file upload29.pdb (PDB, C-alpha atoms)
ATOM      1  CA  MET A   1     122.815  71.654  80.154
ATOM      2  CA  THR A   2     124.545  73.554  77.328
ATOM      3  CA  LEU A   3     121.305  74.458  75.555
ATOM      4  CA  ALA A   4     121.254  78.108  76.663
ATOM      5  CA  ARG A   5     124.939  78.737  75.928
ATOM      6  CA  ASP A   6     125.543  76.656  72.808
ATOM      7  CA  GLY A   7     122.014  76.370  71.461
ATOM      8  CA  TYR A   8     121.978  72.577  71.469
ATOM      9  CA  VAL A   9     122.358  69.586  73.768
ATOM     10  CA  ILE A  10     122.590  65.802  73.329
ATOM     11  CA  VAL A  11     120.953  63.633  75.992
ATOM     12  CA  PRO A  12     121.910  59.941  75.579
ATOM     13  CA  ASP A  13     119.573  57.116  76.612
ATOM     14  CA  ALA A  14     116.677  59.497  77.258
ATOM     15  CA  VAL A  15     113.955  57.171  75.937
ATOM     16  CA  ASP A  16     113.834  53.484  76.842
ATOM     17  CA  ALA A  17     113.984  50.663  74.287
ATOM     18  CA  ALA A  18     110.347  49.622  74.763
ATOM     19  CA  THR A  19     109.135  53.145  73.966
ATOM     20  CA  VAL A  20     111.356  53.288  70.880
ATOM     21  CA  ASP A  21     109.964  49.944  69.669
ATOM     22  CA  ALA A  22     106.387  51.158  70.220
ATOM     23  CA  LEU A  23     107.087  54.341  68.278
ATOM     24  CA  LEU A  24     108.584  52.398  65.366
ATOM     25  CA  ALA A  25     105.501  50.200  65.215
ATOM     26  CA  ALA A  26     103.138  53.183  65.341
ATOM     27  CA  LEU A  27     105.053  55.096  62.674
ATOM     28  CA  ALA A  28     105.622  52.219  60.249
ATOM     29  CA  PRO A  29     102.415  52.798  58.219
ATOM     30  CA  LEU A  30     103.323  56.460  57.678
ATOM     31  CA  ALA A  31     106.865  55.753  56.506
ATOM     32  CA  GLU A  32     106.045  52.999  54.023
ATOM     33  CA  THR A  33     105.651  53.817  50.331
ATOM     34  CA  VAL A  34     105.740  51.721  47.187
ATOM     35  CA  ASP A  35     109.022  53.203  45.949
ATOM     36  CA  GLY A  36     110.605  53.859  49.338
ATOM     37  CA  THR A  37     111.220  57.554  48.630
ATOM     38  CA  ARG A  38     108.936  59.240  51.124
ATOM     39  CA  GLY A  39     111.558  60.031  53.742
ATOM     40  CA  GLY A  40     109.141  60.766  56.559
ATOM     41  CA  ALA A  41     105.772  62.261  57.440
ATOM     42  CA  ARG A  42     104.237  65.428  58.862
ATOM     43  CA  HIS A  43     101.490  66.075  61.418
ATOM     44  CA  LEU A  44     102.533  63.373  63.879
ATOM     45  CA  LEU A  45     100.888  65.179  66.800
ATOM     46  CA  ARG A  46      97.601  65.092  64.921
ATOM     47  CA  ASP A  47      97.819  61.563  63.560
ATOM     48  CA  VAL A  48      99.851  59.364  65.927
ATOM     49  CA  HIS A  49      98.767  58.809  69.531
ATOM     50  CA  ALA A  50     102.189  57.402  70.474
ATOM     51  CA  VAL A  51     103.864  60.634  69.376
ATOM     52  CA  ARG A  52     101.420  62.759  71.373
ATOM     53  CA  ALA A  53     102.278  60.614  74.399
ATOM     54  CA  LEU A  54     105.990  61.068  73.658
ATOM     55  CA  ALA A  55     105.558  64.849  73.593
ATOM     56  CA  ARG A  56     103.955  64.665  77.060
ATOM     57  CA  SER A  57     106.576  62.300  78.492
ATOM     58  CA  ALA A  58     108.851  63.388  81.332
ATOM     59  CA  ALA A  59     111.988  62.728  79.274
ATOM     60  CA  VAL A  60     110.961  64.994  76.395
ATOM     61  CA  ARG A  61     109.183  67.666  78.423
ATOM     62  CA  GLY A  62     112.124  67.845  80.805
ATOM     63  CA  VAL A  63     114.419  68.878  77.964
ATOM     64  CA  ALA A  64     111.917  71.365  76.518
ATOM     65  CA  GLU A  65     111.151  72.970  79.874
ATOM     66  CA  ALA A  66     114.836  73.236  80.767
ATOM     67  CA  ALA A  67     115.143  75.531  77.752
ATOM     68  CA  LEU A  68     111.778  77.306  77.783
ATOM     69  CA  GLY A  69     110.495  77.112  81.341
ATOM     70  CA  PRO A  70     107.381  75.474  82.835
ATOM     71  CA  GLY A  71     104.357  75.099  80.608
ATOM     72  CA  ALA A  72     106.242  74.629  77.333
ATOM     73  CA  PHE A  73     104.027  72.818  74.834
ATOM     74  CA  ALA A  74     104.525  70.865  71.609
ATOM     75  CA  VAL A  75     103.304  72.464  68.390
ATOM     76  CA  ARG A  76     104.620  70.219  65.611
ATOM     77  CA  GLY A  77     105.745  66.634  65.079
ATOM     78  CA  ILE A  78     107.611  65.350  62.007
ATOM     79  CA  LEU A  79     109.187  62.003  61.131
ATOM     80  CA  PHE A  80     112.497  62.160  59.269
ATOM     81  CA  ASP A  81     113.998  58.994  57.788
ATOM     82  CA  LYS A  82     117.044  58.971  55.533
ATOM     83  CA  THR A  83     117.093  55.802  53.426
ATOM     84  CA  PRO A  84     118.710  54.791  50.115
ATOM     85  CA  GLY A  85     115.556  56.040  48.357
ATOM     86  CA  ALA A  86     115.289  59.274  50.337
ATOM     87  CA  ASN A  87     118.785  60.546  51.031
ATOM     88  CA  TRP A  88     118.711  64.321  51.046
ATOM     89  CA  LYS A  89     120.954  67.249  51.867
ATOM     90  CA  VAL A  90     119.830  70.122  54.094
ATOM     91  CA  VAL A  91     121.702  73.408  53.690
ATOM     92  CA  TRP A  92     122.577  75.651  56.634
ATOM     93  CA  HIS A  93     119.409  77.267  57.927
ATOM     94  CA  GLN A  94     117.323  78.290  60.917
ATOM     95  CA  ASP A  95     113.825  76.868  61.542
ATOM     96  CA  LEU A  96     111.707  79.913  60.723
ATOM     97  CA  THR A  97     108.122  78.731  60.196
ATOM     98  CA  ILE A  98     105.226  77.615  62.368
ATOM     99  CA  ALA A  99     102.034  75.760  61.388
ATOM    100  CA  VAL A 100      98.715  77.503  62.074
ATOM    101  CA  ARG A 101      95.049  76.634  61.563
ATOM    102  CA  GLU A 102      94.316  79.333  59.008
ATOM    103  CA  ARG A 103      95.873  82.345  57.365
ATOM    104  CA  ARG A 104      95.245  85.717  58.980
ATOM    105  CA  ASP A 105      97.055  88.923  58.135
ATOM    106  CA  VAL A 106      98.806  89.898  61.358
ATOM    107  CA  PRO A 107     101.667  92.424  61.574
ATOM    108  CA  GLY A 108     105.024  90.716  61.962
ATOM    109  CA  PHE A 109     103.811  87.380  60.569
ATOM    110  CA  GLY A 110     104.881  86.499  57.020
ATOM    111  CA  PRO A 111     105.632  85.397  54.396
ATOM    112  CA  TRP A 112     103.122  82.554  54.126
ATOM    113  CA  THR A 113     103.430  79.082  52.595
ATOM    114  CA  GLU A 114     101.342  75.910  52.521
ATOM    115  CA  LYS A 115     102.620  72.392  53.266
ATOM    116  CA  ASP A 116     100.370  69.332  52.987
ATOM    117  CA  GLY A 117      97.344  71.620  53.008
ATOM    118  CA  VAL A 118      98.347  73.388  56.237
ATOM    119  CA  ALA A 119      99.143  77.107  56.454
ATOM    120  CA  HIS A 120     102.706  77.936  57.555
ATOM    121  CA  VAL A 121     104.059  81.372  58.382
ATOM    122  CA  GLN A 122     107.252  83.000  59.557
ATOM    123  CA  PRO A 123     106.526  84.604  62.957
ATOM    124  CA  PRO A 124     108.502  87.383  64.653
ATOM    125  CA  ALA A 125     111.997  86.510  65.806
ATOM    126  CA  GLN A 126     111.029  86.968  69.460
ATOM    127  CA  LEU A 127     108.644  84.010  69.138
ATOM    128  CA  LEU A 128     111.224  81.843  67.361
ATOM    129  CA  ALA A 129     113.721  82.663  70.108
ATOM    130  CA  ARG A 130     111.350  80.906  72.509
ATOM    131  CA  MET A 131     111.086  77.665  70.546
ATOM    132  CA  VAL A 132     113.195  74.500  70.605
ATOM    133  CA  ALA A 133     113.242  71.250  68.659
ATOM    134  CA  VAL A 134     113.513  68.000  70.618
ATOM    135  CA  ARG A 135     114.553  65.180  68.285
ATOM    136  CA  VAL A 136     114.133  61.618  69.561
ATOM    137  CA  HIS A 137     116.339  59.173  67.662
ATOM    138  CA  LEU A 138     114.803  55.795  66.845
ATOM    139  CA  ASP A 139     118.012  54.470  65.244
ATOM    140  CA  ASP A 140     121.696  55.054  65.880
ATOM    141  CA  CYS A 141     122.767  58.208  64.037
ATOM    142  CA  THR A 142     126.448  57.995  63.110
ATOM    143  CA  GLU A 143     128.708  60.192  61.002
ATOM    144  CA  ALA A 144     127.938  57.860  58.073
ATOM    145  CA  ASN A 145     124.176  58.393  57.878
ATOM    146  CA  GLY A 146     123.719  62.120  57.571
ATOM    147  CA  PRO A 147     123.678  63.507  61.122
ATOM    148  CA  VAL A 148     122.697  67.058  61.965
ATOM    149  CA  ARG A 149     125.554  69.551  62.139
ATOM    150  CA  VAL A 150     125.234  72.725  64.195
ATOM    151  CA  ILE A 151     127.102  75.999  64.714
ATOM    152  CA  PRO A 152     127.140  76.580  68.484
ATOM    153  CA  GLY A 153     126.116  80.034  69.664
ATOM    154  CA  SER A 154     124.471  81.108  66.410
ATOM    155  CA  HIS A 155     120.998  81.062  68.007
ATOM    156  CA  VAL A 156     121.423  84.268  70.037
ATOM    157  CA  HIS A 157     121.686  86.629  67.055
ATOM    158  CA  GLY A 158     118.074  86.571  65.878
ATOM    159  CA  ARG A 159     116.958  85.905  62.334
ATOM    160  CA  LEU A 160     120.044  85.766  60.118
ATOM    161  CA  THR A 161     120.412  87.022  56.559
ATOM    162  CA  ALA A 162     122.030  84.932  53.837
ATOM    163  CA  ALA A 163     125.186  87.009  54.266
ATOM    164  CA  ASP A 164     125.131  86.366  58.018
ATOM    165  CA  VAL A 165     124.845  82.626  57.410
ATOM    166  CA  GLY A 166     127.810  82.764  55.046
ATOM    167  CA  ARG A 167     129.937  84.529  57.643
ATOM    168  CA  TRP A 168     129.026  82.019  60.348
ATOM    169  CA  ARG A 169     129.899  79.132  58.038
ATOM    170  CA  ALA A 170     133.256  80.675  57.175
ATOM    171  CA  THR A 171     134.386  81.622  60.676
ATOM    172  CA  ALA A 172     132.652  79.490  63.313
ATOM    173  CA  PRO A 173     133.342  75.889  64.333
ATOM    174  CA  GLN A 174     130.798  73.234  63.405
ATOM    175  CA  VAL A 175     129.752  70.252  65.512
ATOM    176  CA  VAL A 176     128.553  66.905  64.161
ATOM    177  CA  CYS A 177     125.707  65.619  66.348
ATOM    178  CA  THR A 178     125.883  61.839  66.447
ATOM    179  CA  VAL A 179     123.190  60.313  68.661
ATOM    180  CA  THR A 180     122.506  56.721  69.654
ATOM    181  CA  ARG A 181     119.088  55.052  69.536
ATOM    182  CA  GLY A 182     116.892  56.418  72.319
ATOM    183  CA  GLY A 183     118.950  59.582  72.623
ATOM    184  CA  ILE A 184     117.735  63.142  72.218
ATOM    185  CA  LEU A 185     119.224  66.009  70.253
ATOM    186  CA  ALA A 186     117.599  69.318  71.207
ATOM    187  CA  PHE A 187     118.354  72.708  69.672
ATOM    188  CA  HIS A 188     116.919  76.202  69.528
ATOM    189  CA  SER A 189     114.908  77.002  66.412
ATOM    190  CA  LEU A 190     117.257  79.893  65.571
ATOM    191  CA  LEU A 191     120.392  77.733  65.787
ATOM    192  CA  LEU A 192     122.095  77.301  62.417
ATOM    193  CA  HIS A 193     121.988  73.639  61.446
ATOM    194  CA  ALA A 194     122.409  71.451  58.371
ATOM    195  CA  SER A 195     122.911  67.852  57.330
ATOM    196  CA  ALA A 196     124.663  66.071  54.488
ATOM    197  CA  PRO A 197     123.384  63.047  52.563
ATOM    198  CA  ALA A 198     124.180  59.740  54.218
ATOM    199  CA  VAL A 199     127.396  58.083  53.083
ATOM    200  CA  GLU A 200     125.978  54.694  54.040
ATOM    201  CA  PRO A 201     122.198  55.146  53.704
ATOM    202  CA  ALA A 202     120.175  53.146  56.176
ATOM    203  CA  HIS A 203     117.252  54.002  58.418
ATOM    204  CA  ARG A 204     117.906  57.202  60.368
ATOM    205  CA  ARG A 205     114.460  57.622  61.894
ATOM    206  CA  VAL A 206     113.953  60.686  64.043
ATOM    207  CA  VAL A 207     110.819  62.083  65.679
ATOM    208  CA  HIS A 208     111.252  65.848  65.484
ATOM    209  CA  LEU A 209     109.094  67.671  68.047
ATOM    210  CA  GLU A 210     108.924  71.452  68.216
ATOM    211  CA  PHE A 211     108.038  73.202  71.480
ATOM    212  CA  ALA A 212     107.037  76.781  72.241
ATOM    213  CA  ALA A 213     107.212  78.636  75.554
ATOM    214  CA  ALA A 214     104.102  79.126  77.690
ATOM    215  CA  GLU A 215     103.875  82.864  76.996
ATOM    216  CA  TRP A 216     103.125  82.076  73.338
ATOM    217  CA  ALA A 217     100.187  79.770  74.070
ATOM    218  CA  GLN A 218      97.898  82.369  72.511
ATOM    219  CA  LEU A 219      99.061  83.845  69.231
ATOM    220  CA  PRO A 220      98.095  87.429  68.292
ATOM    221  CA  GLY A 221      95.425  88.533  65.856
ATOM    222  CA  GLY A 222      93.317  85.394  66.044
ATOM    223  CA  LEU A 223      96.077  83.092  64.825
ATOM    224  CA  ALA A 224      96.096  79.627  66.398
ATOM    225  CA  TRP A 225      98.652  76.820  66.465
ATOM    226  CA  TYR A 226      97.705  73.984  64.128
ATOM    227  CA  ASP A 227      98.697  71.401  66.734
ATOM    228  CA  ARG A 228      99.186  71.814  70.459
ATOM    229  CA  VAL A 229     100.019  69.133  73.027
TER     230      VAL A 229
END
call {"tool": "encode", "arguments": {"input": "upload29.pdb", "output": "structure tokens"}}
result
Amino acid sequence: MTLARDGYVIVPDAVDAATVDALLAALAPLAETVDGTRGGARHLLRDVHAVRALARSAAVRGVAEAALGPGAFAVRGILFDKTPGANWKVVWHQDLTIAVRERRDVPGFGPWTEKDGVAHVQPPAQLLARMVAVRVHLDDCTEANGPVRVIPGSHVHGRLTAADVGRWRATAPQVVCTVTRGGILAFHSLLLHASAPAVEPAHRRVVHLEFAAAEWAQLPGGLAWYDRV
């Protein structure tokens, strides 16, 4: 796998069609809104049994443990869905926050934010370096519907400043990550990634699962992961 070297990997046909269909059925109530602008949902590990099962599946855990070692565990699940009513742009960034049960002032953790009533915090870079996202694609993701773009190798330089990000964008090659239905895109949390609005908006449903390494099962200072599977 290229995950250690490049910071990302694409695994085609990782999840079978029946599992994808079951996930779509389970997630449909969360994705539906009157105006069609929701674009996804948070807290899938808490709210959707099928997503908890996905996080425990051999296909998903195999990718996470290849990057993080045995005992890696899921800590967050999010549904992303680009549609004509929810067609957003994501600027170049690293994934820098984790969700925890409650705010506690612990050295190295901060600043704090709140999303959907849940406390989020930026942890130390050494924790983020031991996290990966495993994204299971429920639809074909082509160059036309806003795929993730990554800058290979950017994950090994810790937390980057805005100036660092600008330099990477100006000098490093970018890769467009197209993934077919049932495929997995996995990347390190510190890998620079972005996505453009879809040129041809249609469903681009993705279950985004974040995993942490076993040595971070217990957070310092009484902090606790909001979700853990």
call {"tool": "resolve_selection", "arguments": {"input": "upload29.pdb", "expression": "the PyMOL selection byres ((chain A and resi 114-121) around 10)", "output": "PDB file with C-alpha atoms, in the frame of the given file"}}
result
ATOM      1  CA  ALA A  41     105.772  62.261  57.440  1.00  0.00           C
ATOM      2  CA  ARG A  42     104.237  65.428  58.862  1.00  0.00           C
ATOM      3  CA  HIS A  43     101.490  66.075  61.418  1.00  0.00           C
ATOM      4  CA  LEU A  96     111.707  79.913  60.723  1.00  0.00           C
ATOM      5  CA  THR A  97     108.122  78.731  60.196  1.00  0.00           C
ATOM      6  CA  ILE A  98     105.226  77.615  62.368  1.00  0.00           C
ATOM      7  CA  ALA A  99     102.034  75.760  61.388  1.00  0.00           C
ATOM      8  CA  VAL A 100      98.715  77.503  62.074  1.00  0.00           C
ATOM      9  CA  ARG A 101      95.049  76.634  61.563  1.00  0.00           C
ATOM     10  CA  GLU A 102      94.316  79.333  59.008  1.00  0.00           C
ATOM     11  CA  ARG A 103      95.873  82.345  57.365  1.00  0.00           C
ATOM     12  CA  ARG A 104      95.245  85.717  58.980  1.00  0.00           C
ATOM     13  CA  PHE A 109     103.811  87.380  60.569  1.00  0.00           C
ATOM     14  CA  GLY A 110     104.881  86.499  57.020  1.00  0.00           C
ATOM     15  CA  PRO A 111     105.632  85.397  54.396  1.00  0.00           C
ATOM     16  CA  TRP A 112     103.122  82.554  54.126  1.00  0.00           C
ATOM     17  CA  THR A 113     103.430  79.082  52.595  1.00  0.00           C
ATOM     18  CA  GLN A 122     107.252  83.000  59.557  1.00  0.00           C
ATOM     19  CA  PRO A 123     106.526  84.604  62.957  1.00  0.00           C
ATOM     20  CA  PRO A 124     108.502  87.383  64.653  1.00  0.00           C
ATOM     21  CA  TRP A 225      98.652  76.820  66.465  1.00  0.00           C
ATOM     22  CA  TYR A 226      97.705  73.984  64.128  1.00  0.00           C
TER      23      TYR A 226
END
call {"tool": "atom_distance", "arguments": {"input": "upload29.pdb", "atom1": "CA of Asp139 (chain A)", "atom2": "CA of Val20 (chain A)"}}
result
8.8 Å
call {"tool": "closest_residue", "arguments": {"input": "upload29.pdb", "among": "A:Val106, A:Cys141, A:Val136, A:Ser189", "to": "Asp16 (chain A)", "atoms": "all atoms listed in the file"}}
result
A:Val136
call {"tool": "resolve_selection", "arguments": {"input": "upload29.pdb", "expression": "the PyMOL selection byres ((chain A and resi 135) around 10)", "output": "list in words"}}
result
Ile10, Val60, Gly77, Ile78, Leu79, Phe80, Val132, Ala133, Val134, Val136, His137, Leu138, Val179, Gly182, Gly183, Ile184, Leu185, Ala186, Phe187, Arg205, Val206, Val207, His208, Leu209 and Glu210 of chain A
call {"tool": "closest_residue", "arguments": {"input": "upload29.pdb", "among": "A:Leu54, A:Val150, A:Val229, A:Val165", "to": "Ala212 (chain A)", "atoms": "only C-alpha atoms"}}
result
A:Val229
call {"tool": "closest_residue", "arguments": {"input": "upload29.pdb", "among": "A:Ala214, A:Ala170, A:Ala125, A:Leu192", "to": "Gly153 (chain A)", "atoms": "all atoms listed in the file"}}
result
A:Leu192
call {"tool": "closest_residue", "arguments": {"input": "upload29.pdb", "among": "A:Arg130, A:Gly166, A:Gly108, A:Ile151", "to": "Gly221 (chain A)", "atoms": "all atoms listed in the file"}}
result
A:Gly108
call {"tool": "closest_residue", "arguments": {"input": "upload29.pdb", "among": "A:Ala144, A:Ala17, A:Ala22, A:Leu30", "to": "Val199 (chain A)", "atoms": "all atoms listed in the file"}}
result
A:Ala144
call {"tool": "closest_residue", "arguments": {"input": "upload29.pdb", "among": "A:His49, A:Arg76, A:His193, A:Arg5", "to": "Ala26 (chain A)", "atoms": "all atoms listed in the file"}}
result
A:His49
call {"tool": "residues_around", "arguments": {"input": "upload29.pdb", "residues": "Thr178 (chain A)", "least_positions_apart": "6", "cutoff": "7 Å", "atoms": "all atoms listed in the file", "output": "list of chain:residue names"}}
result
A:Cys141, A:Thr142, A:Glu143, A:Pro147
call {"tool": "build_atoms", "arguments": {"input": "upload29.pdb", "residues": "region 127-152 of chain A", "atoms": "N, CA and C atoms", "output": "PDB file, in the coordinates of the input"}}
result
ATOM      1  N   LEU A 127     109.334  85.284  68.926  1.00  0.00           N
ATOM      2  CA  LEU A 127     108.644  84.010  69.138  1.00  0.00           C
ATOM      3  C   LEU A 127     109.606  82.855  68.848  1.00  0.00           C
ATOM      4  N   LEU A 128     110.301  82.920  67.728  1.00  0.00           N
ATOM      5  CA  LEU A 128     111.224  81.843  67.361  1.00  0.00           C
ATOM      6  C   LEU A 128     112.306  81.658  68.417  1.00  0.00           C
ATOM      7  N   ALA A 129     112.705  82.752  69.071  1.00  0.00           N
ATOM      8  CA  ALA A 129     113.721  82.663  70.108  1.00  0.00           C
ATOM      9  C   ALA A 129     113.235  81.886  71.322  1.00  0.00           C
ATOM     10  N   ARG A 130     111.928  81.637  71.395  1.00  0.00           N
ATOM     11  CA  ARG A 130     111.350  80.906  72.509  1.00  0.00           C
ATOM     12  C   ARG A 130     110.784  79.560  72.028  1.00  0.00           C
ATOM     13  N   MET A 131     111.453  78.979  71.041  1.00  0.00           N
ATOM     14  CA  MET A 131     111.086  77.665  70.546  1.00  0.00           C
ATOM     15  C   MET A 131     112.324  76.765  70.493  1.00  0.00           C
ATOM     16  N   VAL A 132     112.123  75.483  70.746  1.00  0.00           N
ATOM     17  CA  VAL A 132     113.195  74.500  70.605  1.00  0.00           C
ATOM     18  C   VAL A 132     112.658  73.261  69.904  1.00  0.00           C
ATOM     19  N   ALA A 133     113.550  72.563  69.226  1.00  0.00           N
ATOM     20  CA  ALA A 133     113.242  71.250  68.659  1.00  0.00           C
ATOM     21  C   ALA A 133     113.834  70.188  69.571  1.00  0.00           C
ATOM     22  N   VAL A 134     113.049  69.157  69.847  1.00  0.00           N
ATOM     23  CA  VAL A 134     113.513  68.000  70.618  1.00  0.00           C
ATOM     24  C   VAL A 134     113.394  66.793  69.697  1.00  0.00           C
ATOM     25  N   ARG A 135     114.526  66.256  69.281  1.00  0.00           N
ATOM     26  CA  ARG A 135     114.553  65.180  68.285  1.00  0.00           C
ATOM     27  C   ARG A 135     114.900  63.859  68.978  1.00  0.00           C
ATOM     28  N   VAL A 136     113.950  62.936  68.955  1.00  0.00           N
ATOM     29  CA  VAL A 136     114.133  61.618  69.561  1.00  0.00           C
ATOM     30  C   VAL A 136     114.592  60.652  68.474  1.00  0.00           C
ATOM     31  N   HIS A 137     115.747  60.047  68.674  1.00  0.00           N
ATOM     32  CA  HIS A 137     116.339  59.173  67.662  1.00  0.00           C
ATOM     33  C   HIS A 137     115.879  57.734  67.870  1.00  0.00           C
ATOM     34  N   LEU A 138     115.320  57.171  66.799  1.00  0.00           N
ATOM     35  CA  LEU A 138     114.803  55.795  66.845  1.00  0.00           C
ATOM     36  C   LEU A 138     115.805  54.793  66.285  1.00  0.00           C
ATOM     37  N   ASP A 139     116.894  55.288  65.723  1.00  0.00           N
ATOM     38  CA  ASP A 139     118.012  54.470  65.244  1.00  0.00           C
ATOM     39  C   ASP A 139     119.306  55.164  65.673  1.00  0.00           C
ATOM     40  N   ASP A 140     120.405  54.415  65.683  1.00  0.00           N
ATOM     41  CA  ASP A 140     121.696  55.054  65.880  1.00  0.00           C
ATOM     42  C   ASP A 140     121.962  56.023  64.725  1.00  0.00           C
ATOM     43  N   CYS A 141     122.406  57.220  65.055  1.00  0.00           N
ATOM     44  CA  CYS A 141     122.767  58.208  64.037  1.00  0.00           C
ATOM     45  C   CYS A 141     124.272  58.435  64.120  1.00  0.00           C
ATOM     46  N   THR A 142     124.990  57.922  63.144  1.00  0.00           N
ATOM     47  CA  THR A 142     126.448  57.995  63.110  1.00  0.00           C
ATOM     48  C   THR A 142     126.893  59.051  62.092  1.00  0.00           C
ATOM     49  N   GLU A 143     128.196  59.249  61.995  1.00  0.00           N
ATOM     50  CA  GLU A 143     128.708  60.192  61.002  1.00  0.00           C
ATOM     51  C   GLU A 143     128.445  59.709  59.582  1.00  0.00           C
ATOM     52  N   ALA A 144     128.135  58.423  59.418  1.00  0.00           N
ATOM     53  CA  ALA A 144     127.938  57.860  58.073  1.00  0.00           C
ATOM     54  C   ALA A 144     126.529  58.055  57.538  1.00  0.00           C
ATOM     55  N   ASN A 145     125.547  58.341  58.407  1.00  0.00           N
ATOM     56  CA  ASN A 145     124.176  58.393  57.878  1.00  0.00           C
ATOM     57  C   ASN A 145     123.516  59.760  58.036  1.00  0.00           C
ATOM     58  N   GLY A 146     124.282  60.788  57.721  1.00  0.00           N
ATOM     59  CA  GLY A 146     123.719  62.120  57.571  1.00  0.00           C
ATOM     60  C   GLY A 146     123.266  62.788  58.844  1.00  0.00           C
ATOM     61  N   PRO A 147     124.104  62.868  59.882  1.00  0.00           N
ATOM     62  CA  PRO A 147     123.678  63.507  61.122  1.00  0.00           C
ATOM     63  C   PRO A 147     123.529  65.018  60.975  1.00  0.00           C
ATOM     64  N   VAL A 148     122.803  65.600  61.908  1.00  0.00           N
ATOM     65  CA  VAL A 148     122.697  67.058  61.965  1.00  0.00           C
ATOM     66  C   VAL A 148     124.047  67.642  62.365  1.00  0.00           C
ATOM     67  N   ARG A 149     124.402  68.751  61.739  1.00  0.00           N
ATOM     68  CA  ARG A 149     125.554  69.551  62.139  1.00  0.00           C
ATOM     69  C   ARG A 149     125.050  70.905  62.619  1.00  0.00           C
ATOM     70  N   VAL A 150     125.677  71.453  63.622  1.00  0.00           N
ATOM     71  CA  VAL A 150     125.234  72.725  64.195  1.00  0.00           C
ATOM     72  C   VAL A 150     126.405  73.679  64.330  1.00  0.00           C
ATOM     73  N   ILE A 151     126.102  74.975  64.420  1.00  0.00           N
ATOM     74  CA  ILE A 151     127.102  75.999  64.714  1.00  0.00           C
ATOM     75  C   ILE A 151     126.758  76.577  66.084  1.00  0.00           C
ATOM     76  N   PRO A 152     127.470  76.152  67.126  1.00  0.00           N
ATOM     77  CA  PRO A 152     127.140  76.580  68.484  1.00  0.00           C
ATOM     78  C   PRO A 152     127.160  78.107  68.625  1.00  0.00           C
TER      79      PRO A 152
END
